[in-house]
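Containing CSV, C-alpha atoms: work-v4.csv.
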```
chain,number,residue,atom,x,y,z
T,505,MET,CA,3.8,-17.1,4.5
T,506,SER,CA,1.7,-13.9,4.2
T,507,ASP,CA,-0.2,-12.5,7.1
T,508,ILE,CA,-4.0,-12.7,6.3
T,509,PRO,CA,-6.0,-11.3,9.2
T,510,ALA,CA,-9.3,-13.2,9.8
T,511,ASP,CA,-11.5,-10.1,10.3
T,512,LEU,CA,-10.8,-8.3,7.0
T,513,LEU,CA,-12.3,-8.6,3.5
T,514,TYR,CA,-10.1,-8.9,0.4
T,515,THR,CA,-10.0,-8.5,-3.4
T,516,GLU,CA,-8.3,-10.8,-5.8
T,517,GLU,CA,-6.1,-7.9,-6.7
T,518,HIS,CA,-4.7,-7.8,-3.1
T,519,GLU,CA,-6.5,-4.9,-1.6
T,520,TYR,CA,-8.1,-5.3,1.8
T,521,LEU,CA,-11.1,-3.6,3.4
T,522,LYS,CA,-11.2,-3.2,7.2
T,523,ALA,CA,-14.1,-1.9,9.3
T,524,THR,CA,-13.5,1.2,11.4
T,525,ASP,CA,-15.5,2.3,14.5
T,526,ARG,CA,-17.4,4.7,12.3
T,527,ASP,CA,-20.6,3.5,10.6
T,528,GLY,CA,-20.1,2.8,6.9
T,529,ILE,CA,-16.5,3.9,6.9
T,530,TYR,CA,-13.8,1.3,6.0
T,531,THR,CA,-10.0,1.4,5.7
T,532,VAL,CA,-8.5,0.3,2.4
T,533,GLY,CA,-4.9,-0.8,1.8
T,534,VAL,CA,-2.9,-3.5,0.2
T,535,THR,CA,-2.3,-6.9,1.7
T,536,ASP,CA,0.9,-8.3,3.3
T,537,TYR,CA,1.2,-10.6,0.2
T,538,ALA,CA,1.0,-7.6,-2.1
T,539,GLN,CA,3.7,-5.6,-0.3
T,540,GLY,CA,6.0,-8.6,-0.2
T,541,GLU,CA,5.5,-9.3,-3.9
T,542,LEU,CA,6.2,-5.7,-4.9
T,543,GLY,CA,9.2,-5.3,-2.7
T,544,ASP,CA,10.4,-2.0,-1.2
T,545,VAL,CA,7.6,0.5,-1.9
T,546,VAL,CA,9.0,3.9,-2.9
T,547,PHE,CA,5.9,5.9,-3.9
T,548,VAL,CA,2.1,5.7,-3.4
T,549,GLU,CA,-0.2,8.0,-5.4
T,550,LEU,CA,-3.5,8.5,-3.6
T,551,PRO,CA,-6.7,10.4,-4.5
T,552,GLU,CA,-8.1,13.5,-3.0
T,553,VAL,CA,-10.6,13.4,-0.2
T,554,GLY,CA,-14.1,13.7,-1.6
T,555,THR,CA,-13.4,11.7,-4.8
T,556,SER,CA,-15.8,8.8,-5.5
T,557,PHE,CA,-14.9,5.5,-7.1
T,558,ASN,CA,-16.9,2.7,-8.6
T,559,LYS,CA,-16.1,-0.9,-7.6
T,560,MET,CA,-12.7,-1.9,-9.0
T,561,GLU,CA,-12.0,1.5,-10.4
T,562,THR,CA,-8.4,2.6,-10.1
T,563,PHE,CA,-8.0,4.9,-7.1
T,564,GLY,CA,-4.2,5.3,-7.1
T,565,THR,CA,-0.9,3.7,-8.0
T,566,ILE,CA,1.8,2.0,-5.9
T,567,GLU,CA,5.4,1.9,-7.1
T,568,ALA,CA,8.1,-0.3,-5.7
T,569,VAL,CA,11.8,-0.2,-6.8
T,570,LYS,CA,10.9,-1.4,-10.3
T,571,ALA,CA,7.2,-2.3,-10.4
T,572,VAL,CA,4.2,-0.2,-10.7
T,573,SER,CA,0.7,-1.4,-9.9
T,574,ASP,CA,-2.7,0.2,-10.0
T,575,LEU,CA,-4.7,0.3,-6.7
T,576,PHE,CA,-8.3,-0.9,-7.1
T,577,CYS,CA,-11.2,0.3,-5.1
T,578,PRO,CA,-12.8,-2.8,-3.5
T,579,VAL,CA,-16.4,-1.4,-3.6
T,580,LYS,CA,-18.1,1.8,-4.7
T,581,GLY,CA,-17.6,4.6,-2.3
T,582,GLU,CA,-16.3,8.1,-1.4
T,583,VAL,CA,-12.8,8.8,0.0
T,584,VAL,CA,-13.2,10.5,3.3
T,585,GLU,CA,-9.6,10.4,4.5
T,586,VAL,CA,-6.2,9.6,2.9
T,587,ASN,CA,-3.0,8.5,4.8
T,588,SER,CA,-0.6,11.4,4.2
T,589,GLU,CA,2.0,9.6,6.4
T,590,ILE,CA,2.9,7.3,3.5
T,591,ASP,CA,3.7,10.3,1.3
T,592,ASP,CA,6.6,10.9,3.7
T,593,ASP,CA,7.4,7.3,4.4
T,594,PRO,CA,6.1,4.8,1.7
T,595,SER,CA,8.0,2.0,3.5
T,596,LEU,CA,5.1,2.0,6.0
T,597,VAL,CA,3.2,-0.1,3.4
T,598,ASN,CA,5.9,-2.7,3.8
T,599,SER,CA,6.4,-2.6,7.5
T,600,ASP,CA,2.8,-2.4,8.6
T,601,PRO,CA,0.4,-2.9,5.7
T,602,TYR,CA,-2.7,-3.4,7.9
T,603,GLY,CA,-1.8,-0.6,10.3
T,604,ALA,CA,0.3,2.5,9.7
T,605,GLY,CA,0.5,1.6,6.0
T,606,TRP,CA,-3.2,2.0,5.3
T,607,MET,CA,-4.1,4.1,2.2
T,608,ILE,CA,-7.6,5.5,2.2
T,609,ARG,CA,-10.8,5.5,4.3
T,610,LEU,CA,-13.9,5.0,2.2
T,611,ARG,CA,-17.5,5.7,2.9
T,612,VAL,CA,-19.0,2.7,1.3
T,613,ALA,CA,-22.0,3.5,-0.9
T,614,ASN,CA,-23.8,0.2,-0.3
T,615,GLU,CA,-22.7,-2.2,2.4
T,616,ASP,CA,-24.5,-5.1,0.5
T,617,ASP,CA,-21.5,-4.8,-1.9
T,618,LEU,CA,-19.2,-6.2,0.8
T,619,LYS,CA,-20.7,-9.6,0.1
T,620,ASP,CA,-18.8,-9.7,-3.2
T,621,LEU,CA,-15.4,-9.5,-1.5
T,622,LEU,CA,-13.3,-12.5,-0.3
T,623,ASP,CA,-13.1,-13.5,3.3
T,624,ALA,CA,-9.7,-14.5,4.8
T,625,ASP,CA,-10.2,-18.2,3.9
T,626,ALA,CA,-11.2,-17.4,0.3
T,627,TYR,CA,-8.3,-15.0,-0.1
T,628,GLU,CA,-5.8,-17.6,1.3
T,629,SER,CA,-7.2,-20.1,-1.3
T,630,HIS,CA,-6.8,-17.4,-4.0
T,631,LEU,CA,-3.1,-17.1,-3.0
T,632,GLY,CA,-2.8,-20.9,-3.4
T,633,GLY,CA,-2.6,-21.4,0.4
D,952,MET,CA,7.5,-23.6,-11.9
D,953,GLY,CA,5.0,-21.9,-14.2
D,954,GLU,CA,2.8,-22.7,-17.1
D,955,ARG,CA,4.0,-23.3,-20.7
D,956,LEU,CA,3.0,-20.3,-22.6
D,957,ARG,CA,2.6,-19.7,-26.3
D,958,TRP,CA,4.9,-16.8,-27.1
D,959,ARG,CA,4.8,-14.5,-30.0
D,960,VAL,CA,7.9,-12.6,-30.8
D,961,HIS,CA,7.8,-9.2,-32.6
D,962,ARG,CA,11.1,-7.8,-34.0
D,963,ASP,CA,10.1,-4.2,-34.7
D,964,GLY,CA,12.3,-1.4,-36.1
D,965,ALA,CA,12.7,1.9,-34.5
D,966,ASP,CA,9.7,4.0,-33.8
D,967,THR,CA,8.5,7.0,-31.7
D,968,GLY,CA,8.4,6.7,-27.9
D,969,SER,CA,4.7,7.3,-27.8
D,970,TRP,CA,4.1,4.3,-30.2
D,971,ASN,CA,6.6,2.1,-28.4
D,972,MET,CA,5.0,2.7,-25.0
D,973,ALA,CA,1.5,2.3,-26.5
D,974,MET,CA,2.3,-1.0,-28.1
D,975,ASP,CA,3.9,-2.4,-25.0
D,976,HIS,CA,0.9,-1.4,-22.9
D,977,ALA,CA,-1.5,-2.7,-25.6
D,978,LEU,CA,0.1,-6.1,-25.6
D,979,ALA,CA,-0.4,-6.3,-21.9
D,980,ARG,CA,-4.0,-5.0,-22.0
D,981,THR,CA,-5.0,-7.4,-24.7
D,982,LEU,CA,-3.1,-10.5,-23.5
D,983,GLU,CA,-5.1,-13.7,-23.7
D,984,ALA,CA,-4.8,-16.6,-21.3
D,985,GLY,CA,-1.9,-19.0,-22.0
D,986,ARG,CA,-0.1,-16.5,-24.2
D,987,GLY,CA,2.9,-14.3,-23.9
D,988,ALA,CA,4.6,-11.7,-26.1
D,989,VAL,CA,8.2,-10.5,-26.6
D,990,ARG,CA,9.1,-7.4,-28.5
D,991,PHE,CA,12.4,-5.9,-29.6
D,992,TYR,CA,12.5,-2.3,-30.8
D,993,GLY,CA,14.4,0.9,-31.1
D,994,TRP,CA,13.6,4.7,-30.8
D,995,VAL,CA,13.5,7.4,-33.4
D,996,PRO,CA,14.0,10.2,-32.8
D,997,HIS,CA,16.1,9.8,-29.6
D,998,THR,CA,13.8,10.0,-26.6
D,999,ILE,CA,13.9,10.5,-22.9
D,1000,SER,CA,11.4,8.4,-21.0
D,1001,PHE,CA,10.3,9.0,-17.5
D,1002,GLY,CA,9.0,6.5,-15.0
D,1003,ARG,CA,5.3,6.4,-14.3
D,1004,ASN,CA,5.6,8.4,-11.1
D,1005,GLU,CA,8.9,10.2,-11.6
D,1006,PRO,CA,8.9,14.0,-11.1
D,1007,ALA,CA,9.9,15.6,-14.4
D,1008,LYS,CA,7.7,18.7,-14.8
D,1009,GLY,CA,9.8,21.9,-15.0
D,1010,LEU,CA,13.0,19.9,-14.5
D,1011,TYR,CA,14.1,19.7,-18.2
D,1012,ASP,CA,15.3,22.3,-20.6
D,1013,THR,CA,12.7,21.4,-23.3
D,1014,ASP,CA,13.9,24.1,-25.7
D,1015,ALA,CA,17.4,22.6,-25.7
D,1016,ALA,CA,15.9,19.2,-26.1
D,1017,GLN,CA,13.9,20.4,-29.1
D,1018,ARG,CA,17.1,21.8,-30.7
D,1019,GLU,CA,18.7,18.4,-30.3
D,1020,ARG,CA,15.6,16.7,-31.7
D,1021,ILE,CA,15.0,14.8,-28.5
D,1022,LEU,CA,11.4,13.9,-27.6
D,1023,PHE,CA,9.9,13.0,-24.2
D,1024,VAL,CA,7.5,10.3,-23.2
D,1025,ARG,CA,6.3,8.8,-19.9
D,1026,ARG,CA,6.4,5.1,-19.5
D,1027,PRO,CA,3.6,2.9,-18.1
D,1028,THR,CA,6.3,1.3,-15.9
D,1029,GLY,CA,8.1,2.4,-12.8
D,1030,GLY,CA,11.7,3.5,-12.4
D,1031,ARG,CA,13.5,6.6,-13.4
D,1032,ALA,CA,14.6,8.5,-16.5
D,1033,VAL,CA,16.3,6.8,-19.5
D,1034,PHE,CA,17.8,8.4,-22.6
D,1035,HIS,CA,17.0,6.0,-25.5
D,1036,SER,CA,19.4,6.4,-28.3
D,1037,HIS,CA,21.7,3.5,-29.4
D,1038,GLU,CA,20.0,0.6,-27.6
D,1039,ILE,CA,17.9,-2.4,-28.1
D,1040,THR,CA,14.7,-2.3,-26.1
D,1041,TYR,CA,13.1,-5.6,-25.1
D,1042,SER,CA,9.6,-6.1,-23.7
D,1043,VAL,CA,8.1,-9.2,-22.2
D,1044,VAL,CA,4.3,-9.5,-21.6
D,1045,ALA,CA,3.0,-12.5,-19.7
D,1046,PRO,CA,0.1,-13.5,-17.4
D,1047,LEU,CA,0.8,-12.1,-13.9
D,1048,TYR,CA,1.2,-15.5,-12.3
D,1049,ALA,CA,2.8,-17.4,-15.1
D,1050,PHE,CA,6.1,-17.4,-13.2
D,1051,GLY,CA,4.7,-17.0,-9.7
D,1052,GLY,CA,4.3,-13.2,-9.6
D,1053,LEU,CA,6.1,-9.9,-10.4
D,1054,ARG,CA,9.3,-10.6,-8.5
D,1055,ALA,CA,9.7,-14.2,-9.8
D,1056,ALA,CA,9.0,-13.0,-13.4
D,1057,TYR,CA,11.6,-10.2,-12.9
D,1058,THR,CA,14.2,-12.8,-11.9
D,1059,ARG,CA,13.3,-15.2,-14.7
D,1060,ILE,CA,13.4,-12.5,-17.5
D,1061,ASN,CA,16.7,-11.1,-16.3
D,1062,GLU,CA,18.2,-14.6,-16.2
D,1063,GLY,CA,17.1,-14.9,-19.8
D,1064,LEU,CA,18.8,-11.6,-20.7
D,1065,VAL,CA,22.0,-12.8,-18.9
D,1066,LYS,CA,22.0,-16.1,-20.9
D,1067,GLY,CA,21.6,-14.1,-24.2
D,1068,LEU,CA,24.3,-11.6,-23.4
D,1069,ARG,CA,26.7,-14.3,-22.1
D,1070,ALA,CA,26.3,-16.2,-25.3
D,1071,LEU,CA,27.7,-13.1,-27.1
D,1072,GLY,CA,30.7,-13.1,-24.8
D,1073,LEU,CA,29.7,-10.5,-22.4
D,1074,ASP,CA,30.6,-11.3,-18.8
D,1075,VAL,CA,27.3,-10.1,-17.3
D,1076,GLU,CA,25.8,-11.0,-13.9
D,1077,LEU,CA,22.7,-10.1,-11.8
D,1078,SER,CA,23.4,-7.2,-9.4
D,1079,ASP,CA,23.1,-7.5,-5.6
D,1080,GLY,CA,21.7,-4.1,-5.9
D,1081,SER,CA,21.5,-0.9,-4.0
D,1082,GLY,CA,18.7,0.0,-1.5
D,1083,PRO,CA,15.3,1.3,-2.5
D,1084,THR,CA,15.3,4.4,-4.6
D,1085,ALA,CA,12.5,6.9,-4.9
D,1086,PRO,CA,11.1,8.0,-8.3
D,1087,ASP,CA,13.0,11.3,-7.9
D,1088,ALA,CA,16.4,9.7,-7.1
D,1089,GLY,CA,18.1,10.5,-10.4
D,1090,PRO,CA,18.5,8.7,-13.7
D,1091,CYS,CA,17.8,5.0,-14.1
D,1092,PHE,CA,21.3,3.9,-15.1
D,1093,GLN,CA,23.0,5.6,-12.2
D,1094,LEU,CA,22.3,2.8,-9.7
D,1095,PRO,CA,21.7,-0.9,-10.4
D,1096,ALA,CA,18.7,-2.3,-8.4
D,1097,SER,CA,18.8,-5.8,-7.0
D,1098,GLY,CA,18.6,-8.4,-9.8
D,1099,GLU,CA,19.5,-6.1,-12.7
D,1100,VAL,CA,22.0,-7.0,-15.4
D,1101,VAL,CA,25.4,-5.5,-14.8
D,1102,LEU,CA,28.8,-5.7,-16.5
D,1103,GLY,CA,31.8,-5.1,-14.4
D,1104,GLY,CA,29.5,-3.6,-11.7
D,1105,ARG,CA,27.9,-1.1,-14.1
D,1106,LYS,CA,24.4,-1.4,-15.3
D,1107,LEU,CA,24.1,-2.7,-18.9
D,1108,VAL,CA,20.3,-3.3,-18.9
D,1109,GLY,CA,17.8,-1.0,-17.2
D,1110,SER,CA,14.4,-2.6,-16.7
D,1111,ALA,CA,11.0,-1.8,-15.2
D,1112,GLN,CA,7.7,-3.5,-14.7
D,1113,VAL,CA,4.0,-2.7,-14.4
D,1114,ARG,CA,1.0,-4.9,-13.6
D,1115,VAL,CA,-1.8,-4.3,-16.1
D,1116,GLY,CA,-4.8,-6.2,-14.8
D,1117,ARG,CA,-3.9,-9.9,-14.9
D,1118,ALA,CA,-0.9,-9.3,-17.0
D,1119,LEU,CA,2.6,-8.1,-16.3
D,1120,LEU,CA,4.8,-6.0,-18.6
D,1121,GLN,CA,8.5,-5.8,-18.2
D,1122,HIS,CA,10.6,-3.7,-20.6
D,1123,GLY,CA,14.1,-2.5,-20.6
D,1124,SER,CA,17.0,-1.0,-22.4
D,1125,VAL,CA,20.1,-2.9,-23.5
D,1126,ILE,CA,22.7,-0.2,-24.1
D,1127,MET,CA,24.7,-0.7,-27.3
D,1128,ARG,CA,26.8,2.4,-27.1
D,1129,GLY,CA,26.7,6.0,-25.7
D,1130,ASP,CA,26.0,7.4,-22.3
D,1131,GLN,CA,23.2,9.1,-20.4
D,1132,SER,CA,25.0,12.5,-20.1
D,1133,ILE,CA,22.2,14.3,-21.9
D,1134,LEU,CA,20.0,13.8,-18.8
D,1135,ALA,CA,22.5,15.7,-16.7
D,1136,ARG,CA,22.8,18.4,-19.4
D,1137,LEU,CA,19.1,19.0,-19.8
D,1138,THR,CA,18.5,19.1,-16.1
D,1139,GLY,CA,21.3,21.6,-15.4
D,1140,HIS,CA,23.6,19.1,-13.7
D,1141,GLY,CA,26.6,19.5,-15.9
D,1142,ASP,CA,27.9,17.8,-19.0
D,1143,HIS,CA,29.0,14.5,-17.6
D,1144,ASP,CA,27.3,11.2,-16.9
D,1145,PRO,CA,28.3,10.6,-13.3
D,1146,ALA,CA,27.8,6.8,-13.7
D,1147,PRO,CA,27.9,5.9,-17.3
D,1148,PRO,CA,26.2,2.6,-18.2
D,1149,ALA,CA,28.1,-0.4,-19.5
D,1150,THR,CA,27.6,-1.0,-23.2
D,1151,VAL,CA,27.6,-3.9,-25.5
D,1152,GLU,CA,30.0,-2.3,-28.0
D,1153,GLU,CA,32.7,-1.5,-25.4
D,1154,VAL,CA,33.3,-5.2,-25.3
D,1155,LEU,CA,32.3,-6.4,-28.8
D,1156,GLY,CA,33.1,-3.4,-30.9
D,1157,ALA,CA,30.6,-2.3,-33.6
D,1158,THR,CA,27.9,-4.9,-33.5
D,1159,SER,CA,24.7,-5.4,-35.6
D,1160,THR,CA,21.5,-5.0,-33.7
D,1161,SER,CA,20.0,-8.1,-35.2
D,1162,PHE,CA,22.9,-10.2,-34.0
D,1163,VAL,CA,22.2,-9.1,-30.4
D,1164,VAL,CA,18.5,-9.4,-30.8
D,1165,ASP,CA,18.9,-13.0,-32.0
D,1166,SER,CA,20.9,-13.9,-28.9
D,1167,LEU,CA,18.6,-12.1,-26.5
D,1168,ALA,CA,15.6,-13.9,-28.0
D,1169,GLU,CA,17.3,-17.2,-27.6
D,1170,GLY,CA,18.3,-16.4,-24.0
D,1171,LEU,CA,14.7,-15.5,-23.2
D,1172,ARG,CA,13.3,-18.5,-25.0
D,1173,THR,CA,15.5,-20.8,-22.9
D,1174,ALA,CA,14.6,-19.1,-19.6
D,1175,LEU,CA,10.9,-18.6,-20.2
D,1176,GLY,CA,10.1,-21.9,-21.9
D,1177,GLY,CA,6.9,-22.6,-23.8
D,1178,THR,CA,6.5,-22.5,-27.6
D,1179,TRP,CA,7.8,-19.5,-29.6
D,1180,THR,CA,6.7,-18.2,-33.0
D,1181,GLU,CA,7.3,-15.0,-34.8
D,1182,GLY,CA,4.6,-13.0,-36.4
D,1183,PRO,CA,2.9,-9.8,-37.0
D,1184,TYR,CA,0.6,-8.0,-34.6
D,1185,ARG,CA,-3.1,-8.8,-34.7
D,1186,SER,CA,-5.7,-6.2,-35.4
D,1187,GLU,CA,-6.7,-5.9,-31.8
D,1188,HIS,CA,-3.1,-5.2,-30.7
D,1189,LEU,CA,-2.8,-2.4,-33.3
D,1190,ALA,CA,-6.2,-0.9,-32.4
D,1191,ALA,CA,-5.4,-0.9,-28.7
D,1192,ALA,CA,-2.0,0.6,-29.3
D,1193,ARG,CA,-3.5,3.4,-31.5
D,1194,TYR,CA,-6.0,4.2,-28.8
D,1195,LEU,CA,-3.4,4.3,-26.0
D,1196,GLU,CA,-1.1,6.4,-28.1
D,1197,ASP,CA,-3.8,8.9,-28.8
D,1198,GLU,CA,-5.4,8.9,-25.3
D,1199,ARG,CA,-2.2,8.8,-23.2
D,1200,TYR,CA,1.3,8.4,-24.6
D,1201,ARG,CA,1.2,11.3,-27.1
D,1202,ARG,CA,-0.4,13.7,-24.6
D,1203,GLU,CA,1.6,16.3,-22.9
D,1204,ALA,CA,-0.7,16.1,-19.9
D,1205,TRP,CA,0.5,12.5,-19.4
D,1206,THR,CA,4.2,13.1,-20.2
D,1207,TRP,CA,4.4,16.1,-17.8
D,1208,ARG,CA,1.9,14.8,-15.2
D,1209,ARG,CA,4.4,15.2,-12.4
```

Let me see whether you can do it: turn the structure in this file into structure tokens.
Amino acid sequence: MSDIPADLLYTEEHEYLKATDRDGIYTVGVTDYAQGELGDVVFVELPEVGTSFNKMETFGTIEAVKAVSDLFCPVKGEVVEVNSEIDDDPSLVNSDPYGAGWMIRLRVANEDDLKDLLDADAYESHLGG
Amino acid sequence: MGERLRWRVHRDGADTGSWNMAMDHALARTLEAGRGAVRFYGWVPHTISFGRNEPAKGLYDTDAAQRERILFVRRPTGGRAVFHSHEITYSVVAPLYAFGGLRAAYTRINEGLVKGLRALGLDVELSDGSGPTAPDAGPCFQLPASGEVVLGGRKLVGSAQVRVGRALLQHGSVIMRGDQSILARLTGHGDHDPAPPATVEEVLGATSTSFVVDSLAEGLRTALGGTWTEGPYRSEHLAAARYLEDERYRREAWTWRR
């Protein structure tokens, strides 16, 4: 059973969005389900700080031993920080997807857009739980 | 588990790497609900393909490759370098969750390949695998990953996957004969393949491609279920493939992006 923290928002493509203590800034990564499905992550390609993305635009790629998947930006926003730790140790995405395995911090353009994301219950239903 | 898909099988001849990658990607991009696609194809001229994120820029002697009429392409899928010469390449495109997800599909497709190869008399099995390997860990056929098709412990089929929206693409090389030593030669690592792949012809001797394709198709049909028909590409497949070839797979900027 995958870990689905109650206080996060989710996409159907298995990214999560997590509030930070800074106004309008959210942490984005992939869910526990996604990392389990991909298997051992060997590489994550992330954007540069300052890049802006539209909702569901590809912001990077994640590669496991065999599978590659695009990473989708949950809402429109600008990247203000990227997790360089996962460059050195991509397995952080497997071991701690909601913590040390985070990917980008995003300044969300319009927080009304968050309404379109799934809450934990809806994401669990999406997974067939 | 899984829905019954309507599969279309395409038995293509040999084509360029850029077209082959574009068509595989196009089939995934244009996949309709309830459908799946299987392709078999070859490569002309011989081509080295890189994994989507594999470092390659500056690592290959491209002048020597040109003298040997070898081209380069970068795949949409993960994994590491493959030299495509005397092989049968398969690709399977299906809805992402048709078999429960990427890993479940990987297992199911590889079981189909095992069925097809065993029917030919090859004593293949699925590998227990090595640990995780980074995109820069060396050629694809050097180390079997977990669940890959091996013959006597050596890799016979090298496969890789990508998720394209709500579809998955898995493709891979079934080696008929030859080794991967050109990868070592063009990267300045000597003349020998340190871990040559297993080959179909080392067991069966000279074998026709269509004979092997028939058996692989039957193995996949048994493993994947659903209804199977053969037929040509539809116009939207061809249009998407032409677009992807022009915009990505024929471009040096894509091939040498890392």

Distance query 9 Å from (-5.7, -5.0, -6.2) using only C-alpha atoms, result as a list in words
Tyr514, Thr515, Glu516, Glu517, His518, Glu519, Tyr520, Val534, Thr535, Ala538, Met560, Thr562, Ser573, Asp574, Leu575, Phe576, Cys577 and Pro578 of chain T; Gly1116 of chain D

Contacts of range 1046-1058 of chain D within 9 Å, all atoms listed in the file, excl. fewer than 5 positions in-chain, as a CSV table (one decimal) with C-alpha atoms, in the coordinates of the input:
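Once everything was written out, this is around.csv:
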```csv
chain,number,residue,atom,x,y,z
T,541,GLU,CA,5.5,-9.3,-3.9
T,542,LEU,CA,6.2,-5.7,-4.9
T,543,GLY,CA,9.2,-5.3,-2.7
T,571,ALA,CA,7.2,-2.3,-10.4
D,952,MET,CA,7.5,-23.6,-11.9
D,953,GLY,CA,5.0,-21.9,-14.2
D,954,GLU,CA,2.8,-22.7,-17.1
D,955,ARG,CA,4.0,-23.3,-20.7
D,956,LEU,CA,3.0,-20.3,-22.6
D,979,ALA,CA,-0.4,-6.3,-21.9
D,982,LEU,CA,-3.1,-10.5,-23.5
D,983,GLU,CA,-5.1,-13.7,-23.7
D,984,ALA,CA,-4.8,-16.6,-21.3
D,985,GLY,CA,-1.9,-19.0,-22.0
D,986,ARG,CA,-0.1,-16.5,-24.2
D,987,GLY,CA,2.9,-14.3,-23.9
D,1063,GLY,CA,17.1,-14.9,-19.8
D,1077,LEU,CA,22.7,-10.1,-11.8
D,1098,GLY,CA,18.6,-8.4,-9.8
D,1099,GLU,CA,19.5,-6.1,-12.7
D,1110,SER,CA,14.4,-2.6,-16.7
D,1111,ALA,CA,11.0,-1.8,-15.2
D,1112,GLN,CA,7.7,-3.5,-14.7
D,1113,VAL,CA,4.0,-2.7,-14.4
D,1114,ARG,CA,1.0,-4.9,-13.6
D,1115,VAL,CA,-1.8,-4.3,-16.1
D,1116,GLY,CA,-4.8,-6.2,-14.8
D,1117,ARG,CA,-3.9,-9.9,-14.9
D,1118,ALA,CA,-0.9,-9.3,-17.0
D,1119,LEU,CA,2.6,-8.1,-16.3
D,1120,LEU,CA,4.8,-6.0,-18.6
D,1121,GLN,CA,8.5,-5.8,-18.2
D,1175,LEU,CA,10.9,-18.6,-20.2
```

Surrounding residues of Arg609 in chain T excluding itself and chain neighbours under 5 positions, 7 Å, only C-alpha atoms, as a PyMOL selection string
chain T and resi 529-532+583-586

One-decimal distance in Å that lies between CA of Gly1080 in chain D and CA of Trp994 in chain D
27.6 Å

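Reported to one decimal place, the separation of CA of Gly1002 in chain D from CA of Gly1030 in chain D is 4.8 Å.
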
One decimal, Å: what's the distance from CA of Leu1155 in chain D over to CA of Glu1181 in chain D, could you say?
27.1 Å

Selected residue of minimal separation from Ala568 in chain T among T:Ser506, T:Thr524, T:Ser629, T:Ser595, counting only C-alpha atoms
T:Ser595

Show me the residues around (21.8, 1.3, -25.2) - criterion: an atom at most 12 Å away, only C-alpha atoms counted - as a ChimeraX atom specification.
/D:992-994,997-998,1033-1041,1092,1106-1110,1123-1131,1147-1153,1160,1163

Counting all atoms listed in the file, figure out which residue out of T:Asp536, T:Asp527, T:Glu582, T:Asp592 gets nearest to chain D.
T:Asp592

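Residue nearest Thr967 in chain D, chosen from D:Ala1168, D:Ile1021, D:Ala1007, D:Ala1016 and counting all atoms listed in the file: D:Ile1021.
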
Please list as a ChimeraX atom specification every residue within 10 Å of Leu618 in chain T, counting all atoms listed in the file and excluding residues in the same chain fewer than 6 positions away.
/T:513-514,521,578-580,612

Now that the selection is made, can you save its residues with C-alpha atoms as a PDB file, keeping the file's coordinate frame?
```pdb
ATOM      1  CA  LEU T 513     -12.300  -8.600   3.500  1.00  0.00           C
ATOM      2  CA  TYR T 514     -10.100  -8.900   0.400  1.00  0.00           C
ATOM      3  CA  LEU T 521     -11.100  -3.600   3.400  1.00  0.00           C
ATOM      4  CA  PRO T 578     -12.800  -2.800  -3.500  1.00  0.00           C
ATOM      5  CA  VAL T 579     -16.400  -1.400  -3.600  1.00  0.00           C
ATOM      6  CA  LYS T 580     -18.100   1.800  -4.700  1.00  0.00           C
ATOM      7  CA  VAL T 612     -19.000   2.700   1.300  1.00  0.00           C
TER       8      VAL T 612
END
```

Near-Ala604 in chain T list (9 Å; all atoms listed in the file; drop same-chain fewer than 4 positions) as a list in words
Asn587, Glu589, Ile590, Leu596, Val597, Ser599 and Asp600 of chain T

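Using all atoms listed in the file for every distance, the candidate list D:Arg1193, D:Arg1020, D:Arg990, D:Arg959 yields D:Arg990 as the residue closest to Leu1167 in chain D.
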
Mind giving me the axis-aligned box for range 550-563 of chain T with 3 Å on every side, centre plus edges in Å to one decimal, as AutoDock Vina command-line options?
```
--center_x -10.2 --center_y 5.9 --center_z -5.3 --size_x 19.4 --size_y 21.6 --size_z 16.2
```
